[in-house]
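Data block for final.pdb (PDB, C-alpha atoms and all ligand atoms):
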ATOM      1  CA  MET G 184     -11.593  70.091  38.784
ATOM      2  CA  ASN G 185      -9.908  69.528  42.077
ATOM      3  CA  VAL G 186     -11.942  71.959  44.203
ATOM      4  CA  GLU G 187      -9.480  71.740  47.077
ATOM      5  CA  LYS G 188      -6.649  72.668  44.744
ATOM      6  CA  ALA G 189      -8.588  75.622  43.356
ATOM      7  CA  THR G 190      -9.452  76.758  46.866
ATOM      8  CA  ASN G 191      -5.767  76.602  47.783
ATOM      9  CA  ASN G 192      -5.030  78.630  44.683
ATOM     10  CA  ILE G 193      -7.471  81.258  45.911
ATOM     11  CA  GLN G 194      -5.737  81.401  49.251
ATOM     12  CA  THR G 195      -2.174  81.318  47.996
ATOM     13  CA  ASP G 196      -2.377  83.514  44.949
ATOM     14  CA  ARG G 197      -5.069  86.138  45.090
ATOM     15  CA  ARG G 198      -3.252  88.356  42.618
ATOM     16  CA  GLN G 199      -3.260  85.666  39.970
ATOM     17  CA  LEU G 200      -6.941  85.094  40.662
ATOM     18  CA  LEU G 201      -7.748  88.763  40.154
ATOM     19  CA  THR G 202      -6.141  88.743  36.710
ATOM     20  CA  ALA G 203      -7.485  85.341  35.618
ATOM     21  CA  LEU G 204     -10.359  87.052  33.796
ATOM     22  CA  SER G 205      -9.705  89.821  31.275
ATOM     23  CA  ASP G 206     -11.711  93.038  31.093
ATOM     24  CA  GLY G 207     -13.349  91.731  27.903
ATOM     25  CA  GLU G 208     -14.494  88.584  29.688
ATOM     26  CA  LYS G 209     -15.801  90.534  32.663
ATOM     27  CA  ASN G 210     -17.712  92.938  30.403
ATOM     28  CA  GLU G 211     -19.385  90.071  28.569
ATOM     29  CA  ILE G 212     -20.211  88.292  31.831
ATOM     30  CA  ASP G 213     -21.717  91.517  33.230
ATOM     31  CA  LEU G 214     -23.944  91.804  30.162
ATOM     32  CA  LEU G 215     -24.939  88.170  30.470
ATOM     33  CA  LEU G 216     -25.839  88.494  34.143
ATOM     34  CA  GLN G 217     -28.314  91.270  33.327
ATOM     35  CA  HIS G 218     -30.498  88.632  31.659
ATOM     36  CA  TYR G 219     -30.679  86.293  34.640
ATOM     37  CA  PRO G 220     -32.465  86.834  37.944
ATOM     38  CA  ARG G 221     -29.887  84.564  39.632
ATOM     39  CA  ALA G 222     -26.218  84.233  38.687
ATOM     40  CA  SER G 223     -26.359  80.442  38.953
ATOM     41  CA  GLY G 224     -28.649  80.399  35.890
ATOM     42  CA  ALA G 225     -25.875  81.908  33.784
ATOM     43  CA  THR G 226     -23.059  79.505  34.636
ATOM     44  CA  ILE G 227     -22.907  77.576  31.328
ATOM     45  CA  ASP G 228     -22.907  80.719  29.222
ATOM     46  CA  ALA G 229     -20.332  82.352  31.486
ATOM     47  CA  LEU G 230     -18.072  79.299  31.137
ATOM     48  CA  LYS G 231     -18.487  79.501  27.359
ATOM     49  CA  ILE G 232     -17.377  83.142  27.445
ATOM     50  CA  VAL G 233     -14.221  82.203  29.360
ATOM     51  CA  GLN G 234     -13.540  79.390  26.928
ATOM     52  CA  GLN G 235     -14.049  81.684  23.961
ATOM     53  CA  TYR G 236     -11.328  83.993  25.291
ATOM     54  CA  GLN G 237      -8.924  81.492  26.787
ATOM     55  CA  GLY G 238      -9.469  78.447  24.566
ATOM     56  CA  TRP G 239     -10.198  76.230  27.595
ATOM     57  CA  VAL G 240     -11.256  76.628  31.240
ATOM     58  CA  SER G 241      -8.505  76.153  33.811
ATOM     59  CA  ASP G 242      -8.949  75.542  37.543
ATOM     60  CA  MET G 243      -7.815  79.103  38.162
ATOM     61  CA  ALA G 244     -10.362  80.487  35.668
ATOM     62  CA  ILE G 245     -13.132  78.492  37.396
ATOM     63  CA  ALA G 246     -12.113  79.858  40.785
ATOM     64  CA  ALA G 247     -11.955  83.426  39.431
ATOM     65  CA  LEU G 248     -15.317  83.058  37.721
ATOM     66  CA  ALA G 249     -16.943  81.688  40.876
ATOM     67  CA  GLN G 250     -15.637  84.642  42.813
ATOM     68  CA  TYR G 251     -16.657  87.150  40.139
ATOM     69  CA  MET G 252     -20.186  85.747  39.728
ATOM     70  CA  ARG G 253     -20.562  85.049  43.448
ATOM     71  CA  VAL G 254     -21.610  81.464  42.875
ATOM     72  CA  PRO G 255     -20.268  78.477  44.840
ATOM     73  CA  LEU G 256     -17.056  77.074  43.374
ATOM     74  CA  ALA G 257     -18.358  73.491  43.668
ATOM     75  CA  GLU G 258     -21.487  74.406  41.687
ATOM     76  CA  LEU G 259     -19.493  75.964  38.860
ATOM     77  CA  ASP G 260     -17.085  73.047  38.874
ATOM     78  CA  SER G 261     -19.869  70.489  38.564
ATOM     79  CA  VAL G 262     -21.435  72.369  35.628
ATOM     80  CA  ALA G 263     -18.050  72.591  33.876
ATOM     81  CA  THR G 264     -17.380  68.902  34.442
ATOM     82  CA  PHE G 265     -20.817  67.773  33.274
ATOM     83  CA  TYR G 266     -20.888  69.774  30.043
ATOM     84  CA  ASN G 267     -18.640  67.983  27.550
ATOM     85  CA  LEU G 268     -18.042  71.037  25.387
ATOM     86  CA  ILE G 269     -16.357  72.900  28.211
ATOM     87  CA  PHE G 270     -12.704  71.917  27.925
ATOM     88  CA  ARG G 271     -10.805  71.442  31.168
ATOM     89  CA  ARG G 272      -7.412  71.206  29.495
ATOM     90  CA  PRO G 273      -5.876  72.930  26.462
ATOM     91  CA  VAL G 274      -7.230  71.848  23.077
ATOM     92  CA  GLY G 275      -6.005  72.379  19.517
ATOM     93  CA  ALA G 276      -7.108  75.238  17.297
ATOM     94  CA  THR G 277      -8.846  72.547  15.243
ATOM     95  CA  LEU G 278     -11.384  70.299  16.941
ATOM     96  CA  ILE G 279     -12.683  67.164  15.263
ATOM     97  CA  HIS G 280     -15.951  65.877  16.710
ATOM     98  CA  PRO G 281     -16.983  62.591  15.087
ATOM     99  CA  CYS G 282     -20.548  61.609  15.966
ATOM    100  CA  ASN G 283     -20.986  58.387  17.936
ATOM    101  CA  GLY G 284     -24.793  58.424  18.038
ATOM    102  CA  ILE G 285     -26.867  55.389  17.096
ATOM    103  CA  SER G 286     -27.478  56.282  13.415
ATOM    104  CA  CYS G 287     -23.802  56.954  12.879
ATOM    105  CA  GLN G 288     -22.954  53.710  14.688
ATOM    106  CA  LEU G 289     -25.205  51.770  12.332
ATOM    107  CA  LEU G 290     -23.450  53.341   9.356
ATOM    108  CA  GLY G 291     -19.867  52.754  10.383
ATOM    109  CA  CYS G 292     -18.741  55.512  12.737
ATOM    110  CA  LYS G 293     -16.450  53.092  14.567
ATOM    111  CA  LYS G 294     -14.354  52.688  11.413
ATOM    112  CA  ILE G 295     -14.268  56.473  11.036
ATOM    113  CA  GLN G 296     -13.164  56.856  14.651
ATOM    114  CA  ARG G 297     -10.456  54.212  14.256
ATOM    115  CA  GLN G 298      -9.117  55.854  11.131
ATOM    116  CA  LEU G 299      -9.008  59.274  12.782
ATOM    117  CA  GLU G 300      -7.173  57.866  15.783
ATOM    118  CA  THR G 301      -4.675  56.047  13.563
ATOM    119  CA  GLN G 302      -3.965  58.989  11.297
ATOM    120  CA  LEU G 303      -3.708  61.517  14.108
ATOM    121  CA  GLN G 304      -1.919  59.053  16.405
ATOM    122  CA  ILE G 305      -4.124  59.937  19.369
ATOM    123  CA  SER G 306      -7.088  58.382  21.130
ATOM    124  CA  ASP G 307     -10.469  59.966  21.732
ATOM    125  CA  GLY G 308     -10.096  63.081  23.887
ATOM    126  CA  GLY G 309      -6.449  63.490  22.899
ATOM    127  CA  THR G 310      -4.529  66.261  21.144
ATOM    128  CA  THR G 311      -1.813  65.793  18.523
ATOM    129  CA  THR G 312       1.772  66.204  19.724
ATOM    130  CA  ASP G 313       2.061  69.573  17.989
ATOM    131  CA  GLY G 314      -1.014  70.778  19.917
ATOM    132  CA  GLN G 315      -2.914  71.622  16.719
ATOM    133  CA  ILE G 316      -5.756  69.083  16.526
ATOM    134  CA  THR G 317      -8.005  67.629  19.232
ATOM    135  CA  LEU G 318     -10.235  64.628  18.644
ATOM    136  CA  LEU G 319     -13.392  64.373  20.745
ATOM    137  CA  SER G 320     -16.406  62.266  19.790
ATOM    138  CA  LEU G 321     -19.887  63.553  20.626
ATOM    139  CA  PRO G 322     -23.370  62.053  20.798
ATOM    140  CA  CYS G 323     -25.916  62.697  18.005
ATOM    141  CA  LEU G 324     -25.071  65.854  16.064
ATOM    142  CA  GLY G 325     -28.611  66.142  14.716
ATOM    143  CA  ALA G 326     -27.827  65.136  11.133
ATOM    144  CA  CYS G 327     -28.763  61.446  11.241
ATOM    145  CA  ASP G 328     -29.987  61.440   7.623
ATOM    146  CA  LYS G 329     -26.411  62.232   6.545
ATOM    147  CA  ALA G 330     -24.686  59.709   8.847
ATOM    148  CA  PRO G 331     -21.914  59.109   9.530
ATOM    149  CA  VAL G 332     -20.950  62.714  10.187
ATOM    150  CA  LEU G 333     -18.392  64.784  12.021
ATOM    151  CA  LEU G 334     -18.174  68.396  13.065
ATOM    152  CA  LEU G 335     -14.967  70.243  12.204
ATOM    153  CA  ARG G 336     -14.430  73.345  14.304
ATOM    154  CA  LYS G 337     -11.603  75.793  13.677
ATOM    155  CA  SER G 338     -10.794  78.562  16.138
ATOM    156  CA  LEU G 339      -8.959  81.708  15.186
ATOM    157  CA  ARG G 340      -7.791  84.487  17.470
ATOM    158  CA  VAL G 341      -8.025  87.800  15.632
ATOM    159  CA  GLU G 342      -6.798  90.052  18.471
ATOM    160  CA  SER G 343      -4.304  88.867  21.068
ATOM    161  CA  THR G 344      -6.628  89.653  23.998
ATOM    162  CA  GLY G 345     -10.003  89.226  22.287
ATOM    163  CA  PRO G 346     -12.319  86.253  21.944
ATOM    164  CA  MET G 347     -11.626  83.500  19.461
ATOM    165  CA  HIS G 348     -13.727  83.217  16.338
ATOM    166  CA  CYS G 349     -14.974  79.754  15.472
ATOM    167  CA  SER G 350     -16.038  78.311  12.151
ATOM    168  CA  ASP G 351     -17.971  75.066  12.064
ATOM    169  CA  GLN G 352     -18.278  72.662   9.171
ATOM    170  CA  LEU G 353     -20.364  69.495   9.166
ATOM    171  CA  LEU G 354     -18.826  66.725   7.062
ATOM    172  CA  GLU G 355     -21.451  64.241   5.921
ATOM    173  CA  ASN G 356     -21.782  60.707   4.542
ATOM    174  CA  LEU G 357     -18.245  59.910   5.599
ATOM    175  CA  ASN G 358     -16.143  56.936   4.727
ATOM    176  CA  THR G 359     -12.521  56.099   5.451
ATOM    177  CA  ARG G 360     -11.329  57.529   2.114
ATOM    178  CA  LYS G 361     -12.985  60.878   2.856
ATOM    179  CA  ILE G 362     -11.400  60.894   6.290
ATOM    180  CA  GLU G 363      -7.979  60.242   4.799
ATOM    181  CA  LEU G 364      -8.389  63.234   2.486
ATOM    182  CA  VAL G 365      -9.630  65.490   5.298
ATOM    183  CA  ILE G 366      -6.719  64.638   7.572
ATOM    184  CA  ASN G 367      -4.215  64.957   4.734
ATOM    185  CA  LYS G 368      -5.519  68.436   4.086
ATOM    186  CA  LEU G 369      -5.481  69.442   7.749
ATOM    187  CA  TRP G 370      -2.321  67.729   8.822
ATOM    188  CA  GLY G 371      -0.814  66.495   5.560
ATOM    189  CA  ARG G 372       2.950  66.722   5.876
ATOM    190  CA  ARG G 373       2.978  65.573   9.475
ATOM    191  CA  TYR G 374       0.716  62.636   8.606
ATOM    192  CA  GLU G 375       3.006  61.630   5.739
ATOM    193  CA  ARG G 376       5.997  61.747   8.091
ATOM    194  CA  ALA G 377       4.188  59.671  10.687
ATOM    195  CA  ARG G 378       3.375  57.059   8.052
ATOM    196  CA  SER G 379       6.935  56.633   6.775
TER     197      SER G 379
HETATM  198  S1  LIG O   1     -26.477  59.782  15.304
HETATM  199 FE1  LIG O   1     -24.933  60.844  14.243
HETATM  200  S2  LIG O   1     -25.964  62.618  13.587
HETATM  201 FE2  LIG O   1     -27.478  61.566  14.709
END
Give the structure from the file, written as structure tokens.
Ligand code: FES
Amino acid sequence: MNVEKATNNIQTDRRQLLTALSDGEKNEIDLLLQHYPRASGATIDALKIVQQYQGWVSDMAIAALAQYMRVPLAELDSVATFYNLIFRRPVGATLIHPCNGISCQLLGCKKIQRQLETQLQISDGGTTTDGQITLLSLPCLGACDKAPVLLLRKSLRVESTGPMHCSDQLLENLNTRKIELVINKLWGRRYERARS
């Protein structure tokens, strides 16, 4: 995040900052803080709470969270930037995380990655033009005996102001044919259009 920009946001729009976190988020953060002697120990989990409610973590949300938790903005920003599962821009309701760890590399994950990028017409870290699917490779997913693998995560918002519910599915022993079927199922008609 641009810390200077966030700081300016604090100065220029305090009202927006006050409403950047919902009551549900604040309640969950309060509960979380009870388990830590120092607020700085709870930063990753607090960022995850914000992401669970908002889908991603904006500069404004970081600034509001820093103020709410009374931790330095720069500290929170560096944690959010370091942790690759905290999203700093909007992502799709479906996240595809192909593994790029060494076992998966030895068993062809580059081909899998290429096929995903071609079918979805995005590069790693990108989101499809309809905003539905984000592709983001990750290091070892802990299932090396089933390589190559990918993690498919779908988020669903049940209540308009509540947290999102996520379902995770690990797809194992992948090959390009399996990937084609997966993407057809997820994104079928759009993929067919893109092909023609
Ligand atoms: S390297 Fe891919 S699961 Fe371990």
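Proximity to G:Gly207 was assessed for G:Ile285, G:Leu369, G:Met347, G:Ala246 counting all atoms listed in the file; the smallest distance is recorded for G:Met347.
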Using the chain letters and numbers from the file, give me the residues hit by the PyMOL selection byres (((not hetatm)) within 9 of (chain O and resi 1)), as a tab-separated table (two decimals) with C-alpha atoms, keeping the file's coordinate frame.
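Once everything was written out, this is expr21.tsv:
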chain	number	residue	atom	x	y	z
G	281	PRO	CA	-16.98	62.59	15.09
G	282	CYS	CA	-20.55	61.61	15.97
G	283	ASN	CA	-20.99	58.39	17.94
G	284	GLY	CA	-24.79	58.42	18.04
G	285	ILE	CA	-26.87	55.39	17.10
G	286	SER	CA	-27.48	56.28	13.42
G	287	CYS	CA	-23.80	56.95	12.88
G	288	GLN	CA	-22.95	53.71	14.69
G	289	LEU	CA	-25.20	51.77	12.33
G	292	CYS	CA	-18.74	55.51	12.74
G	321	LEU	CA	-19.89	63.55	20.63
G	322	PRO	CA	-23.37	62.05	20.80
G	323	CYS	CA	-25.92	62.70	18.00
G	324	LEU	CA	-25.07	65.85	16.06
G	325	GLY	CA	-28.61	66.14	14.72
G	326	ALA	CA	-27.83	65.14	11.13
G	327	CYS	CA	-28.76	61.45	11.24
G	328	ASP	CA	-29.99	61.44	7.62
G	329	LYS	CA	-26.41	62.23	6.54
G	330	ALA	CA	-24.69	59.71	8.85
G	331	PRO	CA	-21.91	59.11	9.53
G	332	VAL	CA	-20.95	62.71	10.19
G	333	LEU	CA	-18.39	64.78	12.02
- Query: Which is closest to G:Ala257 among G:Ile245, G:Ala222, G:Ile295, G:Ala203, if we use only C-alpha atoms?
  - Reply: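 Looking only at the distances to G:Ala257, the closest residue turns out to be G:Ile245.
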- Residue neighbourhood G:Pro255, 12 Å, only C-alpha atoms, exclusion window fewer than 3 positions, as JSON, numbers by chain: {"G": [186, 190, 222, 223, 226, 245, 246, 247, 248, 249, 250, 251, 252, 258, 259, 260, 261, 262]}
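With all atoms listed in the file as the atoms that count, the minimum distance from G:Asp351 to the choices G:Leu318, G:Thr310, G:Leu278, G:Asp206 is reached by G:Leu278.
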- Rounded to one decimal in Å, what is the spacing between atom CA of G:Ile366 and atom CA of G:Gln237? 25.7 Å
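Applied to the file shown here, the PyMOL selection byres (((chain G and resi 240-242) around 8) and not hetatm) selects G:Met184, G:Asn185, G:Ala189, G:Leu230, G:Val233, G:Gln234, G:Gln237, G:Gly238, G:Trp239, G:Met243, G:Ala244, G:Ile245, G:Ala246, G:Ile269, G:Phe270, G:Arg271, G:Arg272.
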- In terms of the shortest atom-to-atom distance over only C-alpha atoms, which of G:Gly224, G:Gly291, G:Gly275, G:Pro346 is closest to G:Thr311?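 Closest candidate: G:Gly275.
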- Message: Using only C-alpha atoms, can you tell me which of G:Ala229, G:Ser343, G:Leu200, G:Leu303 comes closest to G:Asp213?
- Response: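 That would be G:Ala229, the residue with the smallest distance to G:Asp213.
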- Item | Selection dump of the PyMOL selection byres (((chain G and resi 361) around 12) and not hetatm), as a PyMOL selection string | chain G and resi 294-295+298-299+331-333+354-360+362-368
- Query: For G:Gln235, which residue among G:Gln352, G:Gln217, G:Gln315, G:Thr344 is the nearest when counting all atoms listed in the file?
  - Reply: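 Checking each candidate against G:Gln235, we get G:Thr344 as the closest.
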- Note on the structure: From atom CA of G:Thr277 to atom CA of G:Thr301 the spacing works out at 17.1 Å
Enclose the full set of atoms of stretch 303-321 of chain G listed in the file within a box whose edges lie along x, y and z, apply 4 Å of padding to each of the six sides, and report centre and edge lengths in Å to one decimal as AutoDock Vina command-line options.
--center_x -8.9 --center_y 65.0 --center_z 19.0 --size_x 29.9 --size_y 21.2 --size_z 17.8
